[in-house]
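K.L.:
For reference, the file final15.pdb (PDB, C-alpha atoms, pLDDT in the B column) is included below:
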```
ATOM      1  CA  MET L 163       2.931-241.333 -19.500  1.00 49.00           C
ATOM      2  CA  VAL L 164       0.316-239.234 -17.808  1.00 47.00           C
ATOM      3  CA  TYR L 165       0.797-237.422 -14.512  1.00 47.00           C
ATOM      4  CA  PHE L 166      -1.952-235.895 -12.392  1.00 43.00           C
ATOM      5  CA  LYS L 167      -1.747-233.626  -9.371  1.00 43.00           C
ATOM      6  CA  VAL L 168      -4.403-234.875  -6.992  1.00 40.00           C
ATOM      7  CA  PRO L 169      -5.383-233.142  -3.761  1.00 39.00           C
ATOM      8  CA  LEU L 170      -5.138-235.403  -0.733  1.00 41.00           C
ATOM      9  CA  ALA L 171      -8.368-235.671   1.247  1.00 45.00           C
ATOM     10  CA  THR L 172      -6.721-235.172   4.632  1.00 48.00           C
ATOM     11  CA  SER L 173      -4.255-232.471   3.706  1.00 46.00           C
ATOM     12  CA  THR L 174      -3.838-229.270   1.756  1.00 49.00           C
ATOM     13  CA  SER L 175      -0.870-230.717  -0.176  1.00 52.00           C
ATOM     14  CA  THR L 176      -1.020-232.584  -3.459  1.00 59.00           C
ATOM     15  CA  THR L 177       0.565-235.807  -4.672  1.00 63.00           C
ATOM     16  CA  THR L 178       1.561-236.926  -8.148  1.00 69.00           C
ATOM     17  CA  ILE L 179      -0.134-240.024  -9.535  1.00 75.00           C
ATOM     18  CA  TYR L 180       1.423-241.875 -12.433  1.00 78.00           C
ATOM     19  CA  THR L 181      -1.062-243.269 -14.960  1.00 80.00           C
ATOM     20  CA  PRO L 182       0.688-245.427 -17.571  1.00 86.00           C
ATOM     21  CA  ASP L 183      -0.370-245.770 -21.171  1.00 90.00           C
ATOM     22  CA  PRO L 184      -2.444-248.971 -21.745  1.00 91.00           C
ATOM     23  CA  SER L 185       0.395-250.414 -23.850  1.00 93.00           C
ATOM     24  CA  SER L 186       2.881-250.023 -20.969  1.00 94.00           C
ATOM     25  CA  PRO L 187       3.864-252.991 -18.783  1.00 95.00           C
ATOM     26  CA  LEU L 188       3.040-250.719 -15.837  1.00 95.00           C
ATOM     27  CA  PHE L 189      -0.612-250.546 -16.851  1.00 94.00           C
ATOM     28  CA  ILE L 190      -2.984-252.605 -14.699  1.00 94.00           C
ATOM     29  CA  HIS L 191      -6.177-253.568 -16.477  1.00 93.00           C
ATOM     30  CA  SER L 192      -9.427-253.848 -14.552  1.00 92.00           C
ATOM     31  CA  SER L 193      -9.402-257.611 -15.250  1.00 92.00           C
ATOM     32  CA  ASP L 194      -5.975-258.026 -13.590  1.00 94.00           C
ATOM     33  CA  ILE L 195      -6.867-259.559 -10.256  1.00 94.00           C
ATOM     34  CA  PRO L 196      -4.453-260.768  -7.540  1.00 94.00           C
ATOM     35  CA  ARG L 197      -4.441-264.479  -6.640  1.00 92.00           C
ATOM     36  CA  THR L 198      -5.480-265.483 -10.166  1.00 93.00           C
ATOM     37  CA  CYS L 199      -3.910-268.755 -11.295  1.00 94.00           C
ATOM     38  CA  LEU L 200      -2.647-268.129 -14.840  1.00 95.00           C
ATOM     39  CA  VAL L 201      -2.168-271.809 -15.714  1.00 95.00           C
ATOM     40  CA  SER L 202      -4.600-274.712 -15.724  1.00 92.00           C
ATOM     41  CA  ILE L 203      -2.544-276.828 -13.309  1.00 92.00           C
ATOM     42  CA  PRO L 204      -0.327-275.214 -10.640  1.00 95.00           C
ATOM     43  CA  PHE L 205       3.324-276.285 -10.706  1.00 96.00           C
ATOM     44  CA  ASN L 206       3.982-279.025  -8.144  1.00 95.00           C
ATOM     45  CA  GLY L 207       7.627-279.827  -8.804  1.00 92.00           C
ATOM     46  CA  SER L 208       7.325-281.862 -11.998  1.00 89.00           C
ATOM     47  CA  GLY L 209       6.774-280.713 -15.558  1.00 89.00           C
ATOM     48  CA  TYR L 210       8.608-277.436 -15.084  1.00 93.00           C
ATOM     49  CA  GLY L 211       9.181-276.860 -18.817  1.00 91.00           C
ATOM     50  CA  GLY L 212       5.478-276.990 -19.651  1.00 92.00           C
ATOM     51  CA  TRP L 213       4.515-274.842 -16.675  1.00 96.00           C
ATOM     52  CA  LYS L 214       7.196-272.287 -17.570  1.00 96.00           C
ATOM     53  CA  ARG L 215       5.983-272.095 -21.176  1.00 96.00           C
ATOM     54  CA  SER L 216       2.367-271.605 -20.030  1.00 96.00           C
ATOM     55  CA  MET L 217       3.422-268.849 -17.641  1.00 97.00           C
ATOM     56  CA  ILE L 218       5.463-267.086 -20.332  1.00 97.00           C
ATOM     57  CA  VAL L 219       2.467-267.142 -22.678  1.00 97.00           C
ATOM     58  CA  SER L 220       0.118-265.844 -19.955  1.00 97.00           C
ATOM     59  CA  LEU L 221       2.466-263.127 -18.711  1.00 98.00           C
ATOM     60  CA  SER L 222       3.201-262.032 -22.291  1.00 97.00           C
ATOM     61  CA  ALA L 223      -0.526-261.808 -23.020  1.00 96.00           C
ATOM     62  CA  LYS L 224      -0.887-259.546 -19.964  1.00 96.00           C
ATOM     63  CA  ASN L 225       2.192-257.518 -21.018  1.00 97.00           C
ATOM     64  CA  LYS L 226       3.931-258.382 -17.738  1.00 98.00           C
ATOM     65  CA  ILE L 227       6.734-260.682 -18.964  1.00 98.00           C
ATOM     66  CA  GLY L 228       9.229-257.854 -18.353  1.00 97.00           C
ATOM     67  CA  PHE L 229       8.819-258.310 -14.604  1.00 98.00           C
ATOM     68  CA  VAL L 230      10.253-261.840 -14.757  1.00 98.00           C
ATOM     69  CA  ASP L 231      12.767-261.543 -17.601  1.00 96.00           C
ATOM     70  CA  GLY L 232      14.284-258.279 -16.342  1.00 95.00           C
ATOM     71  CA  SER L 233      13.260-256.088 -19.304  1.00 96.00           C
ATOM     72  CA  CYS L 234      11.061-253.937 -17.027  1.00 96.00           C
ATOM     73  CA  PRO L 235      13.434-252.998 -14.189  1.00 96.00           C
ATOM     74  CA  LYS L 236      12.354-251.021 -11.158  1.00 95.00           C
ATOM     75  CA  PRO L 237      12.745-247.279 -11.812  1.00 93.00           C
ATOM     76  CA  MET L 238      15.130-245.335  -9.639  1.00 91.00           C
ATOM     77  CA  PRO L 239      13.282-243.557  -6.787  1.00 85.00           C
ATOM     78  CA  ASN L 240      14.722-240.183  -7.794  1.00 86.00           C
ATOM     79  CA  GLU L 241      13.317-240.529 -11.358  1.00 81.00           C
ATOM     80  CA  ASN L 242       9.638-240.440 -10.464  1.00 86.00           C
ATOM     81  CA  PRO L 243       8.315-241.652  -7.101  1.00 90.00           C
ATOM     82  CA  ALA L 244       4.803-242.147  -8.534  1.00 90.00           C
ATOM     83  CA  MET L 245       6.211-244.415 -11.270  1.00 92.00           C
ATOM     84  CA  VAL L 246       8.106-246.422  -8.617  1.00 93.00           C
ATOM     85  CA  CYS L 247       4.823-246.937  -6.739  1.00 93.00           C
ATOM     86  CA  GLN L 248       3.127-248.108  -9.930  1.00 94.00           C
ATOM     87  CA  TRP L 249       6.022-250.503 -10.664  1.00 96.00           C
ATOM     88  CA  ASP L 250       5.676-251.913  -7.124  1.00 96.00           C
ATOM     89  CA  ARG L 251       1.943-252.461  -7.680  1.00 95.00           C
ATOM     90  CA  CYS L 252       2.566-254.332 -10.928  1.00 97.00           C
ATOM     91  CA  ASN L 253       5.433-256.348  -9.446  1.00 98.00           C
ATOM     92  CA  ASN L 254       3.198-257.369  -6.539  1.00 97.00           C
ATOM     93  CA  MET L 255       0.463-258.372  -8.976  1.00 97.00           C
ATOM     94  CA  VAL L 256       2.910-260.590 -10.890  1.00 98.00           C
ATOM     95  CA  ILE L 257       4.198-262.086  -7.611  1.00 97.00           C
ATOM     96  CA  SER L 258       0.600-262.902  -6.723  1.00 97.00           C
ATOM     97  CA  TRP L 259       0.022-264.568 -10.118  1.00 97.00           C
ATOM     98  CA  LEU L 260       3.255-266.556  -9.840  1.00 97.00           C
ATOM     99  CA  THR L 261       2.607-267.821  -6.316  1.00 97.00           C
ATOM    100  CA  SER L 262      -1.012-268.656  -7.205  1.00 96.00           C
ATOM    101  CA  SER L 263       0.301-270.760 -10.081  1.00 97.00           C
ATOM    102  CA  LEU L 264       2.495-272.828  -7.745  1.00 97.00           C
ATOM    103  CA  SER L 265       1.567-275.633  -5.360  1.00 96.00           C
ATOM    104  CA  PRO L 266       1.145-274.378  -1.774  1.00 95.00           C
ATOM    105  CA  THR L 267       4.435-275.984  -0.685  1.00 94.00           C
ATOM    106  CA  ILE L 268       6.482-274.351  -3.447  1.00 95.00           C
ATOM    107  CA  ALA L 269       4.640-271.028  -3.075  1.00 95.00           C
ATOM    108  CA  GLU L 270       5.460-271.009   0.645  1.00 94.00           C
ATOM    109  CA  SER L 271       9.170-271.216  -0.158  1.00 93.00           C
ATOM    110  CA  GLU L 272       8.843-268.075  -2.314  1.00 92.00           C
ATOM    111  CA  GLN L 273       6.618-265.958  -0.072  1.00 87.00           C
ATOM    112  CA  TYR L 274       9.364-263.589   1.097  1.00 91.00           C
ATOM    113  CA  SER L 275      10.801-262.818  -2.338  1.00 94.00           C
ATOM    114  CA  GLU L 276      10.872-259.098  -3.083  1.00 96.00           C
ATOM    115  CA  THR L 277      10.421-259.240  -6.857  1.00 97.00           C
ATOM    116  CA  ALA L 278       8.729-261.414  -9.439  1.00 97.00           C
ATOM    117  CA  GLY L 279      12.086-261.655 -11.194  1.00 97.00           C
ATOM    118  CA  SER L 280      13.760-263.156  -8.123  1.00 97.00           C
ATOM    119  CA  ILE L 281      11.010-265.801  -7.843  1.00 97.00           C
ATOM    120  CA  TRP L 282      11.430-266.632 -11.530  1.00 97.00           C
ATOM    121  CA  LYS L 283      15.220-266.973 -11.176  1.00 96.00           C
ATOM    122  CA  GLN L 284      14.926-269.166  -8.077  1.00 95.00           C
ATOM    123  CA  LEU L 285      12.439-271.493  -9.782  1.00 96.00           C
ATOM    124  CA  GLU L 286      14.658-271.681 -12.867  1.00 94.00           C
ATOM    125  CA  ARG L 287      17.695-272.521 -10.727  1.00 92.00           C
ATOM    126  CA  ARG L 288      15.820-275.150  -8.739  1.00 92.00           C
ATOM    127  CA  TYR L 289      13.743-276.845 -11.440  1.00 91.00           C
ATOM    128  CA  GLY L 290      15.093-275.706 -14.797  1.00 88.00           C
ATOM    129  CA  THR L 291      18.413-277.520 -14.690  1.00 79.00           C
ATOM    130  CA  VAL L 292      18.909-280.423 -17.067  1.00 72.00           C
ATOM    131  CA  ASN L 293      18.819-283.736 -15.268  1.00 69.00           C
ATOM    132  CA  GLY L 294      21.126-286.221 -17.001  1.00 69.00           C
ATOM    133  CA  THR L 295      19.278-289.247 -15.616  1.00 72.00           C
ATOM    134  CA  LYS L 296      15.907-287.904 -16.770  1.00 70.00           C
ATOM    135  CA  THR L 297      17.328-287.144 -20.233  1.00 74.00           C
ATOM    136  CA  PHE L 298      18.604-290.717 -20.509  1.00 76.00           C
ATOM    137  CA  GLU L 299      15.217-292.150 -19.442  1.00 78.00           C
ATOM    138  CA  ILE L 300      13.347-290.040 -22.004  1.00 78.00           C
ATOM    139  CA  LYS L 301      15.741-291.010 -24.817  1.00 81.00           C
ATOM    140  CA  ARG L 302      15.391-294.686 -23.861  1.00 84.00           C
ATOM    141  CA  GLU L 303      11.582-294.390 -23.834  1.00 85.00           C
ATOM    142  CA  LEU L 304      11.635-292.609 -27.209  1.00 83.00           C
ATOM    143  CA  ALA L 305      13.761-295.376 -28.709  1.00 85.00           C
ATOM    144  CA  SER L 306      11.436-298.104 -27.460  1.00 86.00           C
ATOM    145  CA  THR L 307       8.124-296.382 -28.292  1.00 85.00           C
ATOM    146  CA  GLN L 308       6.038-298.092 -30.951  1.00 86.00           C
ATOM    147  CA  GLN L 309       2.776-297.104 -32.589  1.00 86.00           C
ATOM    148  CA  GLY L 310       1.134-300.444 -31.853  1.00 87.00           C
ATOM    149  CA  SER L 311      -2.638-300.042 -31.714  1.00 90.00           C
ATOM    150  CA  LEU L 312      -2.498-296.243 -31.418  1.00 85.00           C
ATOM    151  CA  ASP L 313      -3.882-294.148 -34.271  1.00 89.00           C
ATOM    152  CA  VAL L 314      -1.417-291.805 -35.970  1.00 87.00           C
ATOM    153  CA  ALA L 315      -2.571-288.694 -34.054  1.00 88.00           C
ATOM    154  CA  SER L 316      -2.280-290.427 -30.655  1.00 85.00           C
ATOM    155  CA  TYR L 317       1.127-291.853 -31.545  1.00 83.00           C
ATOM    156  CA  PHE L 318       2.327-288.423 -32.684  1.00 79.00           C
ATOM    157  CA  ASN L 319       1.058-286.820 -29.464  1.00 81.00           C
ATOM    158  CA  LYS L 320       2.839-289.467 -27.387  1.00 80.00           C
ATOM    159  CA  LEU L 321       6.123-288.815 -29.228  1.00 79.00           C
ATOM    160  CA  LYS L 322       5.667-285.056 -29.024  1.00 78.00           C
ATOM    161  CA  LYS L 323       5.077-285.246 -25.265  1.00 76.00           C
ATOM    162  CA  LEU L 324       8.289-287.246 -24.780  1.00 71.00           C
TER     163      LEU L 324
END
```
Would you write the structure of this file as structure tokens?
P.N.:
Amino acid sequence: MVYFKVPLATSTSTTTIYTPDPSSPLFIHSSDIPRTCLVSIPFNGSGYGGWKRSMIVSLSAKNKIGFVDGSCPKPMPNENPAMVCQWDRCNNMVISWLTSSLSPTIAESEQYSETAGSIWKQLERRYGTVNGTKTFEIKRELASTQQGSLDVASYFNKLKKL
């Protein structure tokens, strides 16, 4: 952690700026841009498992998974106000990535969430529950699937998708 005292342009006082180490989840890289969609197809209400996996991979690659899984909690304001500001910046970046990776209708329902973690939990509650009817349909389709004219790779991919 690096701290700098920086003079404010409009005042004679100074403020502390927190500059995280590049390996910290609080580090924002110059390529981290708001409104970037981290997945190839935004989530529209179906295929939650695949979308969730893609988001986990993308957020992990950007070292921001802690904002959705709770392992990077917001620091207490009395610890270091500059670090709290940096956490807010990163949280807002992750919120932007999450909402950009959702269909407009779903994103609109999440627009007033305060943290990326709360968005993640709400989506998990809404779409991540096991649907007994869907499970039955998939098992029935698996049982009736035949290779037929498909080559081995295509047949395997079809089974894997189910």
K.L.:
Applied to this file, what does the PyMOL selection byres ((chain L and resi 275) around 12) return in terms of residues, put as a PDB file with C-alpha atoms, keeping the file's coordinate frame?
P.N.:
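Final file, selection_22.pdb:
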```
ATOM      1  CA  ASN L 253       5.433-256.348  -9.446  1.00 98.00           C
ATOM      2  CA  ASN L 254       3.198-257.369  -6.539  1.00 97.00           C
ATOM      3  CA  VAL L 256       2.910-260.590 -10.890  1.00 98.00           C
ATOM      4  CA  ILE L 257       4.198-262.086  -7.611  1.00 97.00           C
ATOM      5  CA  SER L 258       0.600-262.902  -6.723  1.00 97.00           C
ATOM      6  CA  LEU L 260       3.255-266.556  -9.840  1.00 97.00           C
ATOM      7  CA  THR L 261       2.607-267.821  -6.316  1.00 97.00           C
ATOM      8  CA  ALA L 269       4.640-271.028  -3.075  1.00 95.00           C
ATOM      9  CA  GLU L 270       5.460-271.009   0.645  1.00 94.00           C
ATOM     10  CA  SER L 271       9.170-271.216  -0.158  1.00 93.00           C
ATOM     11  CA  GLU L 272       8.843-268.075  -2.314  1.00 92.00           C
ATOM     12  CA  GLN L 273       6.618-265.958  -0.072  1.00 87.00           C
ATOM     13  CA  TYR L 274       9.364-263.589   1.097  1.00 91.00           C
ATOM     14  CA  GLU L 276      10.872-259.098  -3.083  1.00 96.00           C
ATOM     15  CA  THR L 277      10.421-259.240  -6.857  1.00 97.00           C
ATOM     16  CA  ALA L 278       8.729-261.414  -9.439  1.00 97.00           C
ATOM     17  CA  GLY L 279      12.086-261.655 -11.194  1.00 97.00           C
ATOM     18  CA  SER L 280      13.760-263.156  -8.123  1.00 97.00           C
ATOM     19  CA  ILE L 281      11.010-265.801  -7.843  1.00 97.00           C
ATOM     20  CA  TRP L 282      11.430-266.632 -11.530  1.00 97.00           C
ATOM     21  CA  LYS L 283      15.220-266.973 -11.176  1.00 96.00           C
ATOM     22  CA  GLN L 284      14.926-269.166  -8.077  1.00 95.00           C
ATOM     23  CA  LEU L 285      12.439-271.493  -9.782  1.00 96.00           C
TER      24      LEU L 285
END
```
K.L.:
For each of L:Ser193, L:Tyr210, L:Ser306, L:Thr267, take the minimum atom-to-atom distance to Arg287 of chain L, counting all atoms listed in the file, then give the residue where this is smallest.
P.N.:
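Among the listed residues, L:Tyr210 lies closest to Arg287 of chain L.
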K.L.:
First collect every listed atom of segment 233-246 of chain L; then fit an axis-aligned box around them, widen it by 6 Å on each side, and give centre and edge lengths in Å to one decimal, as lines of an AutoDock Vina configuration file.
P.N.:
```
center_x = 10.0
center_y = -248.1
center_z = -13.0
size_x = 22.3
size_y = 27.9
size_z = 24.5
```
K.L.:
Could you check which of L:Met255, L:Ala244, L:Pro235, L:Leu304 is closest to Ile195 of chain L, using only C-alpha atoms?
P.N.:
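Result for the nearest residue to Ile195 of chain L: L:Met255.
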K.L.:
Starting from the PyMOL selection byres ((chain L and resi 216) around 12), expand the selection into actual residues of this file and give them as number ranges by chain.
P.N.:
L: 199-205, 209-215, 217-223, 227, 260, 263
K.L.:
On this structure, the PyMOL selection byres ((chain L and resi 194) around 10) would catch which residues? List them as number ranges by chain, sorted by chain and number.
P.N.:
L: 189-193, 195-198, 224, 252, 255-256, 259
K.L.:
I need the chosen residues saved as a compact mmCIF listing (two decimals), in the coordinates of the input, with C-alpha atoms.
P.N.:
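File produced: result_18.txt:
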```txt
# COMPACT_ATOMS: atom_id res chain seq x y z
CA PHE L 189 -0.61 -250.55 -16.85
CA ILE L 190 -2.98 -252.60 -14.70
CA HIS L 191 -6.18 -253.57 -16.48
CA SER L 192 -9.43 -253.85 -14.55
CA SER L 193 -9.40 -257.61 -15.25
CA ILE L 195 -6.87 -259.56 -10.26
CA PRO L 196 -4.45 -260.77 -7.54
CA ARG L 197 -4.44 -264.48 -6.64
CA THR L 198 -5.48 -265.48 -10.17
CA LYS L 224 -0.89 -259.55 -19.96
CA CYS L 252 2.57 -254.33 -10.93
CA MET L 255 0.46 -258.37 -8.98
CA VAL L 256 2.91 -260.59 -10.89
CA TRP L 259 0.02 -264.57 -10.12
```
K.L.:
Can you tell me which residues surround Cys247 of chain L at a distance of at most 12 Å, considering only C-alpha atoms, apart from same-chain residues fewer than 5 positions away, and format the answer as a ChimeraX atom specification?
P.N.:
/L:178-182,188,236-239,241-242,252-254
K.L.:
Print the selection's residues with C-alpha atoms to a file, as a PDB file, in the coordinates of the input.
P.N.:
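Just written: again_27.pdb:
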```pdb
ATOM      1  CA  THR L 178       1.561-236.926  -8.148  1.00 69.00           C
ATOM      2  CA  ILE L 179      -0.134-240.024  -9.535  1.00 75.00           C
ATOM      3  CA  TYR L 180       1.423-241.875 -12.433  1.00 78.00           C
ATOM      4  CA  THR L 181      -1.062-243.269 -14.960  1.00 80.00           C
ATOM      5  CA  PRO L 182       0.688-245.427 -17.571  1.00 86.00           C
ATOM      6  CA  LEU L 188       3.040-250.719 -15.837  1.00 95.00           C
ATOM      7  CA  LYS L 236      12.354-251.021 -11.158  1.00 95.00           C
ATOM      8  CA  PRO L 237      12.745-247.279 -11.812  1.00 93.00           C
ATOM      9  CA  MET L 238      15.130-245.335  -9.639  1.00 91.00           C
ATOM     10  CA  PRO L 239      13.282-243.557  -6.787  1.00 85.00           C
ATOM     11  CA  GLU L 241      13.317-240.529 -11.358  1.00 81.00           C
ATOM     12  CA  ASN L 242       9.638-240.440 -10.464  1.00 86.00           C
ATOM     13  CA  CYS L 252       2.566-254.332 -10.928  1.00 97.00           C
ATOM     14  CA  ASN L 253       5.433-256.348  -9.446  1.00 98.00           C
ATOM     15  CA  ASN L 254       3.198-257.369  -6.539  1.00 97.00           C
TER      16      ASN L 254
END
```
K.L.:
Between atom CA of Asp183 of chain L and atom CA of Ser233 of chain L, what distance in Å does the model show, to one decimal?
P.N.:
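We find that atom CA of Asp183 of chain L and atom CA of Ser233 of chain L lie 17.2 Å from each other.
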K.L.:
Would you fill the gaps in segment 242-273 of chain L so it has N, CA and C atoms, then print it as a CSV table (one decimal), in the frame of the given file?
P.N.:
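See part-v3.csv below for the written result:
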```csv
chain,number,residue,atom,x,y,z
L,242,ASN,N,11.0,-240.8,-10.6
L,242,ASN,CA,9.6,-240.4,-10.5
L,242,ASN,C,9.0,-241.3,-9.4
L,243,PRO,N,8.8,-240.8,-8.2
L,243,PRO,CA,8.3,-241.7,-7.1
L,243,PRO,C,7.0,-242.3,-7.4
L,244,ALA,N,6.1,-241.6,-8.2
L,244,ALA,CA,4.8,-242.1,-8.5
L,244,ALA,C,5.0,-243.4,-9.5
L,245,MET,N,6.0,-243.3,-10.4
L,245,MET,CA,6.2,-244.4,-11.3
L,245,MET,C,6.8,-245.6,-10.5
L,246,VAL,N,7.6,-245.4,-9.5
L,246,VAL,CA,8.1,-246.4,-8.6
L,246,VAL,C,6.9,-247.1,-7.9
L,247,CYS,N,6.0,-246.4,-7.4
L,247,CYS,CA,4.8,-246.9,-6.7
L,247,CYS,C,4.0,-247.8,-7.7
L,248,GLN,N,3.9,-247.3,-8.9
L,248,GLN,CA,3.1,-248.1,-9.9
L,248,GLN,C,3.9,-249.4,-10.3
L,249,TRP,N,5.2,-249.3,-10.4
L,249,TRP,CA,6.0,-250.5,-10.7
L,249,TRP,C,5.9,-251.5,-9.5
L,250,ASP,N,5.9,-251.0,-8.3
L,250,ASP,CA,5.7,-251.9,-7.1
L,250,ASP,C,4.3,-252.6,-7.2
L,251,ARG,N,3.3,-251.9,-7.6
L,251,ARG,CA,1.9,-252.5,-7.7
L,251,ARG,C,1.9,-253.6,-8.7
L,252,CYS,N,2.5,-253.3,-9.9
L,252,CYS,CA,2.6,-254.3,-10.9
L,252,CYS,C,3.4,-255.5,-10.5
L,253,ASN,N,4.6,-255.3,-9.9
L,253,ASN,CA,5.4,-256.3,-9.4
L,253,ASN,C,4.7,-257.2,-8.4
L,254,ASN,N,4.0,-256.6,-7.5
L,254,ASN,CA,3.2,-257.4,-6.5
L,254,ASN,C,2.1,-258.2,-7.2
L,255,MET,N,1.5,-257.6,-8.2
L,255,MET,CA,0.5,-258.4,-9.0
L,255,MET,C,1.1,-259.6,-9.6
L,256,VAL,N,2.2,-259.5,-10.2
L,256,VAL,CA,2.9,-260.6,-10.9
L,256,VAL,C,3.4,-261.6,-9.8
L,257,ILE,N,3.8,-261.2,-8.7
L,257,ILE,CA,4.2,-262.1,-7.6
L,257,ILE,C,3.0,-262.9,-7.2
L,258,SER,N,1.8,-262.2,-7.1
L,258,SER,CA,0.6,-262.9,-6.7
L,258,SER,C,0.2,-264.0,-7.8
L,259,TRP,N,0.3,-263.6,-9.1
L,259,TRP,CA,0.0,-264.6,-10.1
L,259,TRP,C,1.0,-265.8,-10.1
L,260,LEU,N,2.3,-265.5,-9.9
L,260,LEU,CA,3.3,-266.6,-9.8
L,260,LEU,C,3.0,-267.5,-8.7
L,261,THR,N,2.8,-267.0,-7.5
L,261,THR,CA,2.6,-267.8,-6.3
L,261,THR,C,1.3,-268.6,-6.4
L,262,SER,N,0.3,-268.0,-7.0
L,262,SER,CA,-1.0,-268.7,-7.2
L,262,SER,C,-0.9,-269.8,-8.2
L,263,SER,N,0.1,-269.7,-9.1
L,263,SER,CA,0.3,-270.8,-10.1
L,263,SER,C,1.3,-271.8,-9.6
L,264,LEU,N,1.6,-271.8,-8.3
L,264,LEU,CA,2.5,-272.8,-7.7
L,264,LEU,C,1.7,-273.6,-6.7
L,265,SER,N,2.2,-274.9,-6.4
L,265,SER,CA,1.6,-275.6,-5.4
L,265,SER,C,1.8,-274.9,-4.0
L,266,PRO,N,1.0,-275.1,-3.0
L,266,PRO,CA,1.1,-274.4,-1.8
L,266,PRO,C,2.5,-274.6,-1.2
L,267,THR,N,3.1,-275.7,-1.3
L,267,THR,CA,4.4,-276.0,-0.7
L,267,THR,C,5.5,-275.2,-1.4
L,268,ILE,N,5.5,-275.1,-2.7
L,268,ILE,CA,6.5,-274.4,-3.4
L,268,ILE,C,6.2,-272.9,-3.3
L,269,ALA,N,5.0,-272.4,-3.3
L,269,ALA,CA,4.6,-271.0,-3.1
L,269,ALA,C,5.1,-270.5,-1.7
L,270,GLU,N,5.0,-271.4,-0.7
L,270,GLU,CA,5.5,-271.0,0.6
L,270,GLU,C,7.0,-270.7,0.7
L,271,SER,N,7.7,-271.4,-0.1
L,271,SER,CA,9.2,-271.2,-0.2
L,271,SER,C,9.5,-269.9,-0.9
L,272,GLU,N,8.6,-269.3,-1.6
L,272,GLU,CA,8.8,-268.1,-2.3
L,272,GLU,C,8.2,-266.9,-1.7
L,273,GLN,N,7.5,-267.0,-0.6
L,273,GLN,CA,6.6,-266.0,-0.1
L,273,GLN,C,7.3,-264.7,0.4
```
